[in-house]
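Each remark here refers to the structure printed beneath this line.
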Amino acid sequence: MKAEVLSIIFMMTRSSHAWTTARTDRRDWVENVASTIIASSVGAVLPLPANAVYNDPKTGTMLPEEGEIATAIPTDWSGEESPLAGDDKSLLSRLDKNPDSLFYTDPRFVEHIDENAVKLMTNFVTNRAVKNGDSVLDLCSSWTSHLGEGKVQVKRMAGLGMNEKELSSNPSLTEFTVRDLNDSPKLPYDDASFSVVLCQLSIDYLTRPLEVLKEVGRVLQPGGRVYVLFSNRLFIQKAVALWTGADDIDHAYTVGGYLHFSDGGFEDIAAEDLSTRKGKRIVGDPLYVVSGVKKA
């Protein structure tokens, strides 16, 4: 079993690096393979850390140096290639090929990052991403949208996710829709319906990310904002190979590439490291955001 998983992940990792060989010096392949073997061999469904840049001596987790996430986004995209350029379908392959509806059948009323990272995300969503009067789409939503209770008065908060029980328990939502975006990436909303779109800790599971983000561009109002938040925690059996075979700097670049090459009409694409640092090292689970603005 372990040998089979090792072989699969090696192939996935090698394929996903084909488009960015200049970045391979930042990889820790052994860390990624070992984590995957553990998850697959014991049947775990807990999020496991993906790869990044430096090794935290206390946890053994690979993390980016200070400032590197922001520099992952090119200032000029004219010479860049889409993360999904070519016809390599293995980039979006996953260990668990069963329908996502099976994986998300049972509700999970838990956070998938640690308490400090949850506070960081709640602070960002409440104080920076969402403003009074906004119409918000929480994409890949669940039982929480990390919007501080009573802090912001939104006009509309639509949630789209995979589990009805989770969505119906989300106190921030004014409405919700159950939909598998990997099966049907078309969003059930009118053009220019929202001023803000959030995607929290889920971009790594999308097998049709360009189609989904093109739809995000369609439902965003001109000048509207999209925020894609992610960590290095994931359900590795459901994450796409392009993600599991990369570090967090490449994750930021990948999300930026998704936005740019989606034909969603995004500009001002930027990445930010929201993680708590002590000295120059990340404390606890990291948190990052890639944002973009719909062209007016």
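Residues are referred to by chain and number: the chain letter is A, B, ... according to the order shown in the structure tokens, the number counts from 1 in that chain, and ligands are numbered separately from 1 in the order shown.
For Gly257 of chain A, the residues within 10 Å (counting only C-alpha atoms, excluding itself and residues fewer than 6 positions away along the chain) are A:Ile73, A:Pro74, A:Trp77, A:Glu80, A:Glu81, A:Ser82, A:Pro83, A:Leu84, A:Leu210, A:His251, A:Ile269.
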Proximity check segment 83-119 of chain A to segment 131-144 of chain A, 9 Å, nearest pairs one decimal Å, only C-alpha atoms, as CSV:
```
residue,atom,partner,partner_atom,distance
A:Pro107,CA,A:Ser142,CA,8.8
A:Arg108,CA,A:Trp143,CA,8.4
A:Phe109,CA,A:Trp143,CA,6.6
A:Val110,CA,A:Trp143,CA,8.7
A:Glu111,CA,A:Thr144,CA,8.9
```
Writing out the chosen residues with N, CA and C atoms as a PDB file, in the first residue's frame:
```
ATOM      1  N   PRO A 107     -21.670  16.107   7.723  1.00  0.00           N
ATOM      2  CA  PRO A 107     -21.211  17.463   8.074  1.00  0.00           C
ATOM      3  C   PRO A 107     -19.987  17.412   8.977  1.00  0.00           C
ATOM      4  N   ARG A 108     -19.127  18.405   8.845  1.00  0.00           N
ATOM      5  CA  ARG A 108     -17.946  18.534   9.706  1.00  0.00           C
ATOM      6  C   ARG A 108     -18.011  19.910  10.362  1.00  0.00           C
ATOM      7  N   PHE A 109     -18.484  19.934  11.584  1.00  0.00           N
ATOM      8  CA  PHE A 109     -18.600  21.202  12.303  1.00  0.00           C
ATOM      9  C   PHE A 109     -17.309  21.481  13.062  1.00  0.00           C
ATOM     10  N   VAL A 110     -16.214  21.564  12.321  1.00  0.00           N
ATOM     11  CA  VAL A 110     -14.899  21.805  12.896  1.00  0.00           C
ATOM     12  C   VAL A 110     -14.162  22.806  12.014  1.00  0.00           C
ATOM     13  N   GLU A 111     -13.196  23.480  12.599  1.00  0.00           N
ATOM     14  CA  GLU A 111     -12.300  24.331  11.823  1.00  0.00           C
ATOM     15  C   GLU A 111     -11.163  23.470  11.285  1.00  0.00           C
TER      16      GLU A 111
END
```
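When only C-alpha atoms are used to compute distances to Lys238 of chain A, the closest of the residues A:Asp204, A:Glu65, A:Glu166, A:Asp88 turns out to be A:Asp204.
Backbone DSSP assigns strand (DSSP E or B) in segment 226-287 of chain A to Val226, Tyr227, Val228, Leu229, Phe230, Arg233, Leu234, Phe266, Glu267, Asp268, Ile269, Ala270, Ala271, Glu272, Asp273, Arg277, Lys278, Arg281 and Ile282 of chain A.
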Kindly export the residues of the current selection with N, CA, C and O atoms, as a compact mmCIF listing (two decimals), in the first residue's frame.
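File produced: part-v5.txt:
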```
# COMPACT_ATOMS: atom_id res chain seq x y z
N VAL A 226 -12.45 39.92 -5.08
CA VAL A 226 -12.42 38.50 -4.77
C VAL A 226 -11.23 38.23 -3.86
O VAL A 226 -10.14 38.77 -4.07
N TYR A 227 -11.47 37.43 -2.82
CA TYR A 227 -10.42 37.08 -1.86
C TYR A 227 -10.36 35.56 -1.73
O TYR A 227 -11.35 34.93 -1.36
N VAL A 228 -9.22 35.00 -2.06
CA VAL A 228 -9.01 33.56 -1.95
C VAL A 228 -8.03 33.33 -0.80
O VAL A 228 -6.84 33.69 -0.89
N LEU A 229 -8.53 32.75 0.29
CA LEU A 229 -7.70 32.50 1.47
C LEU A 229 -7.32 31.02 1.53
O LEU A 229 -8.14 30.15 1.25
N PHE A 230 -6.07 30.75 1.90
CA PHE A 230 -5.63 29.37 1.99
C PHE A 230 -4.53 29.23 3.03
O PHE A 230 -3.88 30.21 3.43
N ARG A 233 -2.88 23.55 5.25
CA ARG A 233 -3.65 22.43 5.77
C ARG A 233 -4.64 22.00 4.70
O ARG A 233 -5.27 22.84 4.05
N LEU A 234 -4.79 20.69 4.50
CA LEU A 234 -5.68 20.23 3.45
C LEU A 234 -6.06 18.77 3.65
O LEU A 234 -5.40 18.03 4.37
N PHE A 266 -10.04 40.09 -14.13
CA PHE A 266 -9.46 40.54 -12.87
C PHE A 266 -8.20 41.37 -13.10
O PHE A 266 -7.40 41.09 -13.98
N GLU A 267 -8.02 42.37 -12.25
CA GLU A 267 -6.80 43.17 -12.25
C GLU A 267 -6.35 43.38 -10.81
O GLU A 267 -7.01 42.93 -9.87
N ASP A 268 -5.23 44.06 -10.66
CA ASP A 268 -4.69 44.34 -9.33
C ASP A 268 -4.57 43.07 -8.49
O ASP A 268 -4.89 43.05 -7.29
N ILE A 269 -4.11 42.00 -9.11
CA ILE A 269 -3.95 40.72 -8.39
C ILE A 269 -2.76 40.83 -7.45
O ILE A 269 -1.67 41.27 -7.84
N ALA A 270 -2.97 40.44 -6.21
CA ALA A 270 -1.92 40.57 -5.20
C ALA A 270 -2.02 39.44 -4.19
O ALA A 270 -3.07 38.83 -4.01
N ALA A 271 -0.91 39.15 -3.53
CA ALA A 271 -0.86 38.12 -2.49
C ALA A 271 -0.33 38.71 -1.20
O ALA A 271 0.54 39.60 -1.23
N GLU A 272 -0.84 38.22 -0.08
CA GLU A 272 -0.42 38.72 1.22
C GLU A 272 -0.30 37.58 2.21
O GLU A 272 -1.14 36.68 2.24
N ASP A 273 0.73 37.63 3.01
CA ASP A 273 0.93 36.67 4.09
C ASP A 273 0.27 37.24 5.35
O ASP A 273 0.70 38.26 5.88
N ARG A 277 3.77 35.98 13.01
CA ARG A 277 5.19 35.66 13.05
C ARG A 277 5.80 36.12 14.36
O ARG A 277 5.44 37.16 14.90
N LYS A 278 6.72 35.34 14.84
CA LYS A 278 7.53 35.69 15.99
C LYS A 278 8.96 35.77 15.51
O LYS A 278 9.51 34.77 15.05
N ARG A 281 9.68 34.11 11.90
CA ARG A 281 9.15 32.79 11.65
C ARG A 281 7.66 32.72 11.96
O ARG A 281 7.16 33.36 12.90
N ILE A 282 6.94 31.94 11.17
CA ILE A 282 5.50 31.78 11.36
C ILE A 282 5.22 30.97 12.62
O ILE A 282 5.86 29.95 12.87
```
Margin query: Measuring between only C-alpha atoms, which one of A:Ser262, A:Thr254, A:Ser145, A:Asn127 shows the shortest distance to Leu91 of chain A?
Written below: A:Thr254
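Comparing A:Met62, A:Leu206, A:Leu220, A:Ala129 by their smallest distance to Val152 of chain A, the closest is A:Ala129 (using only C-alpha atoms).
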Tell me, counting only C-alpha atoms, for each residue of segment 71-118 of chain A within 10 Å of segment 159-164 of chain A, which pair of atoms is nearest and how far apart they are in Å to one decimal, in rows ordered by chain and increasing number, as a Markdown table.
```
| residue | atom | partner | partner_atom | distance |
| --- | --- | --- | --- | --- |
| A:Asp100 | CA | A:Met162 | CA | 8.2 |
| A:Ser101 | CA | A:Met162 | CA | 7.0 |
| A:Leu102 | CA | A:Met162 | CA | 10.0 |
| A:Phe103 | CA | A:Met162 | CA | 9.5 |
| A:Tyr104 | CA | A:Asn163 | CA | 6.3 |
| A:Thr105 | CA | A:Asn163 | CA | 6.7 |
| A:Asp106 | CA | A:Asn163 | CA | 7.5 |
| A:Pro107 | CA | A:Asn163 | CA | 6.3 |
| A:Arg108 | CA | A:Asn163 | CA | 8.9 |
```
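The spacing separating atom CA of Ile249 of chain A from atom CA of Glu211 of chain A amounts to 22.9 Å.
Excluding Lys280 of chain A itself and any same-chain residue fewer than 6 positions from it, the protein and nucleic acid residues within 10 Å of it, counting only C-alpha atoms, are Pro64, Glu65, Glu66 and Gly67 of chain A.
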The selected residues should be written to file as a PDB file, in the first residue's frame (atoms: N, CA and C atoms).
```
ATOM      1  N   PRO A  64       7.176  29.561   4.284  1.00  0.00           N
ATOM      2  CA  PRO A  64       7.887  30.576   3.499  1.00  0.00           C
ATOM      3  C   PRO A  64       8.558  31.619   4.377  1.00  0.00           C
ATOM      4  N   GLU A  65       9.642  32.153   3.879  1.00  0.00           N
ATOM      5  CA  GLU A  65      10.305  33.255   4.555  1.00  0.00           C
ATOM      6  C   GLU A  65       9.418  34.500   4.484  1.00  0.00           C
ATOM      7  N   GLU A  66       9.661  35.438   5.367  1.00  0.00           N
ATOM      8  CA  GLU A  66       8.887  36.670   5.403  1.00  0.00           C
ATOM      9  C   GLU A  66       9.014  37.427   4.088  1.00  0.00           C
ATOM     10  N   GLY A  67       7.892  37.870   3.557  1.00  0.00           N
ATOM     11  CA  GLY A  67       7.887  38.673   2.337  1.00  0.00           C
ATOM     12  C   GLY A  67       7.816  37.891   1.042  1.00  0.00           C
TER      13      GLY A  67
END
```
Note to self: Quick check for you: according to DSSP on this backbone, which residues of segment 17-254 of chain A are classed as alpha helix (DSSP H)? Reply as JSON, numbers by chain.
What the structure shows: {"A": [29, 30, 31, 32, 33, 34, 35, 36, 37, 38, 39, 40, 41, 100, 101, 102, 103, 115, 116, 117, 118, 119, 120, 121, 122, 123, 124, 164, 165, 166, 167, 168, 209, 210, 211, 212, 213, 214, 215, 216, 217, 218, 219, 241, 242, 243, 244, 248, 249, 250, 251, 252, 253, 254]}
Next item on the list: Using only C-alpha atoms, determine which residues lie at most 10 Å from Ser275 of chain A, disregarding the query and same-chain residues fewer than 6 positions distant; provide the list as number ranges by chain.
Entry: A: 66, 116-117, 120-121, 231, 281-289
Could you please take those selected residues and save all heavy atoms as a CSV table (one decimal), in the first residue's frame?
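Dumped to out04.csv:
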```csv
chain,number,residue,atom,x,y,z
A,66,GLU,N,9.7,35.4,5.4
A,66,GLU,CA,8.9,36.7,5.4
A,66,GLU,C,9.0,37.4,4.1
A,66,GLU,O,10.1,37.6,3.6
A,66,GLU,CB,9.4,37.5,6.6
A,66,GLU,CG,8.5,38.8,6.8
A,66,GLU,CD,8.9,39.5,8.1
A,66,GLU,OE1,10.1,39.3,8.5
A,66,GLU,OE2,8.1,40.2,8.6
A,116,ASN,N,-5.5,30.2,16.2
A,116,ASN,CA,-5.0,31.5,15.9
A,116,ASN,C,-5.2,31.9,14.4
A,116,ASN,O,-5.6,33.0,14.1
A,116,ASN,CB,-3.5,31.5,16.2
A,116,ASN,CG,-2.8,32.9,15.9
A,116,ASN,OD1,-3.1,33.9,16.5
A,116,ASN,ND2,-2.0,32.9,14.8
A,117,ALA,N,-5.1,30.9,13.5
A,117,ALA,CA,-5.3,31.1,12.1
A,117,ALA,C,-6.8,31.5,11.9
A,117,ALA,O,-7.1,32.3,11.0
A,117,ALA,CB,-4.9,29.9,11.3
A,120,LEU,N,-7.2,35.0,12.7
A,120,LEU,CA,-6.6,35.9,11.7
A,120,LEU,C,-7.6,36.0,10.5
A,120,LEU,O,-7.8,37.1,9.9
A,120,LEU,CB,-5.3,35.3,11.2
A,120,LEU,CG,-4.1,35.3,12.2
A,120,LEU,CD1,-3.0,34.5,11.6
A,120,LEU,CD2,-3.7,36.7,12.5
A,121,MET,N,-8.2,34.8,10.1
A,121,MET,CA,-9.1,34.8,9.0
A,121,MET,C,-10.4,35.6,9.3
A,121,MET,O,-10.9,36.4,8.5
A,121,MET,CB,-9.5,33.4,8.6
A,121,MET,CG,-10.3,33.3,7.3
A,121,MET,SD,-10.1,31.7,6.5
A,121,MET,CE,-10.5,30.6,7.7
A,231,SER,N,-4.3,28.0,3.5
A,231,SER,CA,-3.3,27.7,4.4
A,231,SER,C,-2.5,26.5,3.8
A,231,SER,O,-2.5,26.3,2.6
A,231,SER,CB,-3.9,27.3,5.8
A,231,SER,OG,-2.9,27.0,6.7
A,281,ARG,N,9.7,34.1,11.9
A,281,ARG,CA,9.1,32.8,11.7
A,281,ARG,C,7.7,32.7,12.0
A,281,ARG,O,7.2,33.4,12.9
A,281,ARG,CB,9.9,31.8,12.5
A,281,ARG,CG,11.4,31.7,12.3
A,281,ARG,CD,11.7,31.4,10.8
A,281,ARG,NE,13.1,31.0,10.7
A,281,ARG,CZ,13.7,30.9,9.5
A,281,ARG,NH1,13.0,31.1,8.4
A,281,ARG,NH2,15.0,30.6,9.4
A,282,ILE,N,6.9,31.9,11.2
A,282,ILE,CA,5.5,31.8,11.4
A,282,ILE,C,5.2,31.0,12.6
A,282,ILE,O,5.9,29.9,12.9
A,282,ILE,CB,4.9,31.1,10.1
A,282,ILE,CG1,4.9,32.1,8.9
A,282,ILE,CG2,3.4,30.7,10.4
A,282,ILE,CD1,4.4,31.4,7.6
A,283,VAL,N,4.2,31.4,13.4
A,283,VAL,CA,3.8,30.7,14.6
A,283,VAL,C,2.4,30.1,14.3
A,283,VAL,O,1.5,30.8,13.9
A,283,VAL,CB,3.7,31.7,15.8
A,283,VAL,CG1,3.2,30.9,17.0
A,283,VAL,CG2,5.0,32.3,16.1
A,284,GLY,N,2.3,28.8,14.5
A,284,GLY,CA,1.1,28.1,14.2
A,284,GLY,C,0.8,27.9,12.8
A,284,GLY,O,1.7,28.0,11.9
A,285,ASP,N,-0.5,27.6,12.4
A,285,ASP,CA,-0.8,27.4,11.0
A,285,ASP,C,-0.7,28.8,10.2
A,285,ASP,O,-1.1,29.8,10.7
A,285,ASP,CB,-2.2,26.9,10.9
A,285,ASP,CG,-2.4,25.5,11.3
A,285,ASP,OD1,-1.3,24.8,11.5
A,285,ASP,OD2,-3.5,25.1,11.5
A,286,PRO,N,-0.1,28.7,9.0
A,286,PRO,CA,0.0,29.9,8.2
A,286,PRO,C,-1.3,30.3,7.6
A,286,PRO,O,-2.2,29.4,7.5
A,286,PRO,CB,1.0,29.5,7.1
A,286,PRO,CG,0.8,28.0,7.0
A,286,PRO,CD,0.5,27.5,8.3
A,287,LEU,N,-1.4,31.5,7.1
A,287,LEU,CA,-2.6,31.9,6.4
A,287,LEU,C,-2.2,33.0,5.4
A,287,LEU,O,-1.5,33.9,5.7
A,287,LEU,CB,-3.7,32.6,7.4
A,287,LEU,CG,-5.0,32.9,6.8
A,287,LEU,CD1,-5.8,31.7,6.3
A,287,LEU,CD2,-5.8,33.8,7.7
A,288,TYR,N,-2.7,32.8,4.2
A,288,TYR,CA,-2.4,33.6,3.1
A,288,TYR,C,-3.7,34.0,2.3
A,288,TYR,O,-4.7,33.4,2.4
A,288,TYR,CB,-1.5,32.9,2.1
A,288,TYR,CG,-0.4,32.1,2.7
A,288,TYR,CD1,-0.5,30.7,2.7
A,288,TYR,CD2,0.7,32.7,3.3
A,288,TYR,CE1,0.5,30.0,3.3
A,288,TYR,CE2,1.7,32.0,3.9
A,288,TYR,CZ,1.6,30.6,3.9
A,288,TYR,OH,2.6,29.9,4.5
A,289,VAL,N,-3.6,35.1,1.6
A,289,VAL,CA,-4.7,35.6,0.7
A,289,VAL,C,-4.2,36.1,-0.6
A,289,VAL,O,-3.2,36.8,-0.7
A,289,VAL,CB,-5.6,36.6,1.4
A,289,VAL,CG1,-4.8,37.9,1.7
A,289,VAL,CG2,-6.8,37.0,0.6
```
Note to self: I need the residue nearest Asp250 of chain A from this list: A:Ile113, A:Val290, A:Lys295, A:Leu274. Use only C-alpha atoms for the distance.
What the structure shows: A:Val290
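Here atom CA of Asp96 of chain A stands at a distance of 29.1 Å from atom CA of Gly217 of chain A.
For the pair atom CA of Ile236 of chain A and atom CA of Ala158 of chain A, the separation is 27.4 Å.
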